[in-house]
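Visitor: Got a structure for you, written out below as structure tokens; questions coming shortly.
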Amino acid sequence: MLYDVANLIARTSEANDIGDLIYTESPRQVYVEVSSIGLKRKMEAMAAGLKLEWKFTLSNVAEYGDEEIIEYKGKRYNIVNVYITDMLSVELIAARC
């Protein structure tokens, strides 16, 4: 059951006239199931320098477009791992930006 709302954010970059990169963000609202990360997985990630926060599950693989950022309740997270399940849902593992 998906019952929460998050924004997947796609970022694109383009060089301006003097060569500086200008980033553009395109947010897209999706429904997700939110769950916490298990202690074992958190500890393993901390050893690698990551602070995992949440697992976001989308009901269908077609809903995910390779975005690298997810915004949930006003906070941004980097998507560090993507898993496609046997049921073709998508699990996004997110760490604090």
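In the structure tokens, chains take letters A, B, ... by order of appearance, with residues numbered from 1 within each chain and ligands from 1 in the order shown.
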Extract, using only C-alpha atoms, all DNA, RNA and protein residues at most 8 Å from range 83-96 of chain A, discarding same-chain residues fewer than 5 positions from it, and format them as a PyMOL selection string.

Guide: chain A and resi 50-61+64+70+76-78

Visitor: Using backbone DSSP assignments, extract all helix (DSSP H, G or I) residues from chain A; output them as a PyMOL selection string.

Guide: chain A and resi 39-47+61-63

Visitor: Name the residues of chain A that come out as strand (DSSP E) in a backbone DSSP run; write them as a ChimeraX atom specification.

Guide: /A:4-15,21-36,52-58,69-72,75-84,90-96

Visitor: Could you name the residues that touch Thr12 in chain A at 10 Å or less, counting only C-alpha atoms, but leaving out those on the same chain fewer than 3 positions away, as a PyMOL selection string?

Guide: chain A and resi 9+21-26

Visitor: From the list A:Glu44, A:Cys97, A:Ser36, A:Val30, which residue is nearest Ile69 in chain A when using only C-alpha atoms?

Guide: A:Cys97

Visitor: Between A:Ala48, A:Ala10, A:Val5, A:Ala15, which is the closest to Val32 in chain A once you count only C-alpha atoms?

Guide: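 Comparing A:Ala48, A:Ala10, A:Val5, A:Ala15 against Val32 in chain A, the winner is A:Val5.
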
Visitor: Pick out the closest residue to Asn81 in chain A from this set: A:Ile18, A:Val34, A:Ala45, A:Leu39. Count only C-alpha atoms.

Guide: A:Ala45

Visitor: Rounded to one decimal, what separation in Å do you get between CA of Gly19 in chain A and CA of Gly65 in chain A?

Guide: 27.6 Å
